[in-house]
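Colleague: See target_24.txt below, with compact mmCIF, C-alpha atoms.
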```
# COMPACT_ATOMS: atom_id res chain seq x y z
CA MET A 1 -10.01 -16.81 1.83
CA GLU A 2 -7.49 -15.97 -0.87
CA GLY A 3 -9.99 -16.98 -3.58
CA ASN A 4 -12.56 -14.55 -2.16
CA GLY A 5 -10.02 -11.71 -2.31
CA ARG A 6 -9.23 -12.54 -5.93
CA ARG A 7 -12.89 -12.49 -6.84
CA LYS A 8 -13.40 -9.14 -5.13
CA GLU A 9 -10.41 -7.64 -6.94
CA LYS A 10 -11.78 -8.81 -10.29
CA ILE A 11 -15.21 -7.38 -9.46
CA VAL A 12 -13.71 -4.03 -8.49
CA ALA A 13 -11.59 -3.95 -11.66
CA LEU A 14 -14.61 -4.73 -13.84
CA ALA A 15 -16.73 -2.14 -11.99
CA LEU A 16 -14.06 0.49 -12.62
CA LEU A 17 -13.98 -0.46 -16.30
CA GLY A 18 -17.77 -0.17 -16.44
CA PHE A 19 -17.64 3.26 -14.82
CA SER A 20 -14.95 4.36 -17.29
CA ALA A 21 -17.02 3.16 -20.24
CA LEU A 22 -20.14 4.88 -18.89
CA TYR A 23 -18.20 8.13 -18.40
CA LEU A 24 -16.82 7.95 -21.94
CA VAL A 25 -20.19 7.18 -23.55
CA SER A 26 -21.88 9.93 -21.53
CA SER A 27 -19.28 12.43 -22.71
CA PHE A 28 -20.39 12.04 -26.32
CA ARG A 29 -23.67 13.80 -25.49
CA LEU A 30 -21.75 17.08 -25.28
CA GLU A 31 -20.49 19.06 -28.26
CA ILE A 32 -16.95 17.89 -29.06
CA GLY A 33 -15.48 20.73 -31.09
CA ASN A 34 -11.88 20.36 -32.24
CA PRO A 35 -8.43 20.81 -30.68
CA ARG A 36 -8.22 24.45 -31.83
CA ASN A 37 -11.74 25.28 -30.65
CA PRO A 38 -12.73 22.65 -28.10
CA GLY A 39 -16.34 22.29 -27.14
CA PRO A 40 -17.60 21.40 -23.67
CA GLY A 41 -17.28 17.68 -24.45
CA PHE A 42 -13.71 17.71 -25.74
CA PHE A 43 -11.91 17.36 -22.42
CA PRO A 44 -14.38 14.81 -20.94
CA ILE A 45 -14.02 12.62 -24.05
CA VAL A 46 -10.22 12.74 -23.89
CA MET A 47 -10.27 11.97 -20.16
CA GLY A 48 -12.89 9.24 -20.62
CA ALA A 49 -10.80 7.55 -23.31
CA PHE A 50 -7.68 7.76 -21.16
CA LEU A 51 -9.61 6.43 -18.16
CA ALA A 52 -11.06 3.54 -20.18
CA VAL A 53 -7.64 2.57 -21.54
CA CYS A 54 -6.02 2.66 -18.10
CA THR A 55 -8.77 0.66 -16.42
CA GLY A 56 -8.76 -1.80 -19.33
CA ILE A 57 -5.05 -2.37 -18.76
CA TYR A 58 -5.74 -2.79 -15.05
CA VAL A 59 -8.43 -5.42 -15.72
CA ILE A 60 -6.05 -7.34 -17.99
CA ARG A 61 -3.32 -7.22 -15.34
CA VAL A 62 -5.68 -8.44 -12.61
CA ILE A 63 -6.97 -11.32 -14.71
CA ARG A 64 -3.54 -12.30 -16.02
CA LYS A 65 -1.87 -12.05 -12.61
CA ARG A 66 -4.50 -14.23 -11.02
CA ALA A 67 -4.48 -16.72 -13.89
CA GLN A 68 -0.72 -17.18 -13.49
CA GLY A 69 -1.17 -17.67 -9.76
CA GLU A 70 1.20 -14.93 -8.66
CA LYS A 71 1.37 -14.17 -4.98
CA ARG A 72 0.17 -10.82 -3.73
CA THR A 73 2.92 -8.52 -2.59
CA PRO A 74 2.44 -7.29 0.97
CA PRO A 75 1.81 -3.57 1.37
CA ALA A 76 4.72 -1.40 2.41
CA ALA A 77 5.35 -1.73 6.12
CA GLY A 78 6.33 1.88 6.83
CA LYS A 79 4.35 4.65 5.25
CA ASN A 80 5.93 8.06 5.02
CA TYR A 81 3.19 10.28 6.41
CA ARG A 82 5.45 13.34 6.39
CA ALA A 83 5.95 12.99 2.65
CA LEU A 84 2.21 12.54 2.13
CA ALA A 85 1.47 15.65 4.19
CA ALA A 86 4.11 17.62 2.27
CA ILE A 87 2.66 16.50 -1.06
CA ILE A 88 -0.82 17.59 0.00
CA GLY A 89 0.63 20.83 1.34
CA SER A 90 2.44 21.56 -1.91
CA GLY A 91 -0.83 21.06 -3.78
CA ILE A 92 -2.45 23.61 -1.47
CA PHE A 93 0.57 25.94 -1.73
CA TYR A 94 0.56 25.88 -5.57
CA PRO A 95 -2.20 28.44 -6.16
CA LEU A 96 -0.57 30.78 -3.65
CA ILE A 97 2.72 30.94 -5.59
CA LEU A 98 1.18 30.78 -9.06
CA GLY A 99 0.60 34.54 -9.36
CA THR A 100 4.07 35.45 -8.12
CA LEU A 101 6.28 32.86 -9.81
CA LYS A 102 4.06 32.49 -12.90
CA PHE A 103 3.03 29.19 -14.44
CA LEU A 104 6.24 27.44 -15.50
CA VAL A 105 8.34 28.08 -12.41
CA SER A 106 5.57 27.39 -9.90
CA THR A 107 4.46 24.23 -11.74
CA PHE A 108 8.06 23.03 -11.96
CA VAL A 109 8.73 23.67 -8.26
CA VAL A 110 5.57 21.99 -7.00
CA THR A 111 5.89 19.03 -9.37
CA PHE A 112 9.54 18.56 -8.44
CA VAL A 113 8.75 18.61 -4.72
CA MET A 114 5.99 16.04 -5.18
CA LEU A 115 8.13 13.73 -7.34
CA TYR A 116 11.17 14.04 -5.09
CA LEU A 117 9.15 13.26 -1.96
CA MET A 118 7.75 10.14 -3.62
CA LYS A 119 11.20 8.79 -4.61
CA PRO A 120 13.98 10.77 -2.86
CA GLN A 121 16.75 8.66 -4.39
CA ARG A 122 15.86 9.92 -7.90
CA LEU A 123 16.89 13.58 -7.79
CA PHE A 124 17.86 14.09 -11.43
CA SER A 125 14.96 12.14 -12.86
CA SER A 126 12.61 14.19 -10.66
CA ILE A 127 14.12 17.41 -12.02
CA PHE A 128 13.84 16.39 -15.66
CA LEU A 129 10.37 14.90 -15.30
CA ALA A 130 9.09 18.00 -13.46
CA LEU A 131 10.55 20.25 -16.16
CA ALA A 132 9.01 18.16 -18.94
CA MET A 133 5.64 18.11 -17.20
CA ALA A 134 5.67 21.89 -16.64
CA VAL A 135 6.57 22.66 -20.26
CA ALA A 136 4.16 20.09 -21.68
CA SER A 137 1.27 21.29 -19.54
CA PHE A 138 2.03 24.91 -20.49
CA MET A 139 2.03 24.05 -24.19
CA ILE A 140 -1.14 21.98 -23.95
CA PHE A 141 -3.12 24.53 -21.98
CA SER A 142 -1.82 27.74 -23.56
CA ARG A 143 -1.30 26.74 -27.19
CA LEU A 144 -3.63 23.83 -27.78
CA LEU A 145 -6.56 24.74 -25.53
CA GLY A 146 -6.08 28.52 -25.46
CA VAL A 147 -6.26 28.84 -21.68
CA GLY A 148 -4.95 32.10 -20.26
CA LEU A 149 -2.19 31.30 -17.78
CA PRO A 150 -0.10 33.59 -15.55
CA MET A 151 2.74 34.52 -17.88
CA GLY A 152 6.14 35.94 -17.13
CA PRO A 153 9.14 36.37 -19.46
CA ILE A 154 9.85 32.62 -19.68
CA GLU A 155 6.25 31.80 -20.58
CA ILE A 156 6.09 34.58 -23.19
CA LEU A 157 9.30 33.31 -24.79
CA LEU A 158 8.04 29.73 -24.83
CA PHE A 159 4.65 30.81 -26.13
CA ASN A 160 6.29 32.74 -28.99
CA ILE A 161 8.60 29.84 -29.84
CA GLY A 162 5.61 27.51 -30.02
CA GLY A 163 3.99 29.44 -32.82
```
How does the structure come out when it is put into structure tokens?
Modeller:
Amino acid sequence: MEGNGRRKEKIVALALLGFSALYLVSSFRLEIGNPRNPGPGFFPIVMGAFLAVCTGIYVIRVIRKRAQGEKRTPPAAGKNYRALAAIIGSGIFYPLILGTLKFLVSTFVVTFVMLYLMKPQRLFSSIFLALAMAVASFMIFSRLLGVGLPMGPIEILLFNIGG
């Protein structure tokens, strides 16, 4: 029975890798553009490459783990459904606060809540990671891709510092 589960996991991993490769190859049919003036295929190619790399790593882990004969770890006994509901709720709540709090603050707050609910014992790492993700996403979308985001004084200052 365990051998059948291993085979199924390998098949799923290889199917995911095949899907990732198909997505990446299909993305090249669209005009790529460049980072300053991205075409419709720019984002799908970047995402396809990232997806292919991640699923490739997953395939290697599945094959290596099974070759070494490691035991499967049992799934967590108690799932925190309140945290899951709060994470989904914060994703729904995000667009509602985006116009009022502007991009950086609302992204920081929602990201922090999600990270903290996933690992409550890591308060400070959740704060720093949420801040880094908010600033990085602002710089990528506003400066690199030229997307118009809701901007307040903090965003204008950061946008002007960036160039």
Colleague: For CA of Pro38 in chain A and CA of Leu145 in chain A, determine how far apart the two atoms are, in Å to one decimal place.
Modeller: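 Pair CA of Pro38 in chain A / CA of Leu145 in chain A returns 7.0 Å.
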Colleague: Find the residue from A:Tyr58, A:Phe108, A:Phe159, A:Phe19 that sits nearest to Gly146 in chain A; use only C-alpha atoms when measuring.
Modeller: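 Among A:Tyr58, A:Phe108, A:Phe159, A:Phe19, it is A:Phe159 that comes nearest to Gly146 in chain A.
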Colleague: Select all residues near (13.2, 18.7, -15.9) (cut-off 12 Å, inclusive, file coordinates), counting all atoms listed in the file, and output them as a ChimeraX atom specification.
Modeller: /A:104-105,107-109,111-112,115-116,123-136
Colleague: Tell me, in Å to one decimal, how far CA of Asn4 in chain A is from CA of Val62 in chain A.
Modeller: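 Between CA of Asn4 in chain A and CA of Val62 in chain A the gap is 13.9 Å.
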Colleague: How far is it from CA of Phe28 in chain A to CA of Ile57 in chain A, in Å with one decimal?
Modeller: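 Computed distance, CA of Phe28 in chain A to CA of Ile57 in chain A, equals 22.4 Å.
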Colleague: Here is a test: counting all atoms listed in the file, which residue of A:Arg36, A:Lys102, A:Lys65, A:Lys119 is nearest to Pro153 in chain A?
Modeller: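 Closest candidate: A:Lys102.
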Colleague: With distances taken over all atoms listed in the file, which residue among A:Asn37, A:Pro95, A:Arg6, A:Ser90 lies nearest Val147 in chain A?
Modeller: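 When distances to Val147 in chain A are compared using all atoms listed in the file, the smallest one comes from A:Asn37.
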Colleague: Box for range 98-102 of chain A - axis-aligned, 6 Å on each of the six sides, all listed atoms - centre and size in Å to one decimal, as lines of an AutoDock Vina configuration file.
Modeller:
```
center_x = 3.4
center_y = 33.1
center_z = -10.5
size_x = 17.7
size_y = 16.7
size_z = 16.8
```
Colleague: Determine the nearest neighbour of Gly18 in chain A from the options A:Pro120, A:Gly91, A:Gly148, A:Gly48, counting only C-alpha atoms.
Modeller: A:Gly48
Colleague: If we count only C-alpha atoms and set the cut-off at 12 Å, which residues sit around Phe43 in chain A, ignoring sequence neighbours fewer than 3 positions away in its own chain? Please answer as a count of residues only.
Modeller: 24
Colleague: Which of these residues is nearest to Ser20 in chain A, using only C-alpha atoms: A:Ile156, A:Val53, A:Leu96, A:Ile88?
Modeller: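 Distance minimum relative to Ser20 in chain A lands on A:Val53.
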Colleague: Looking at only C-alpha atoms, which of A:Leu117, A:Phe103, A:Gly56, A:Ala13 is the one that sits closest to Phe138 in chain A?
Modeller: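 Checking each candidate against Phe138 in chain A, we get A:Phe103 as the closest.
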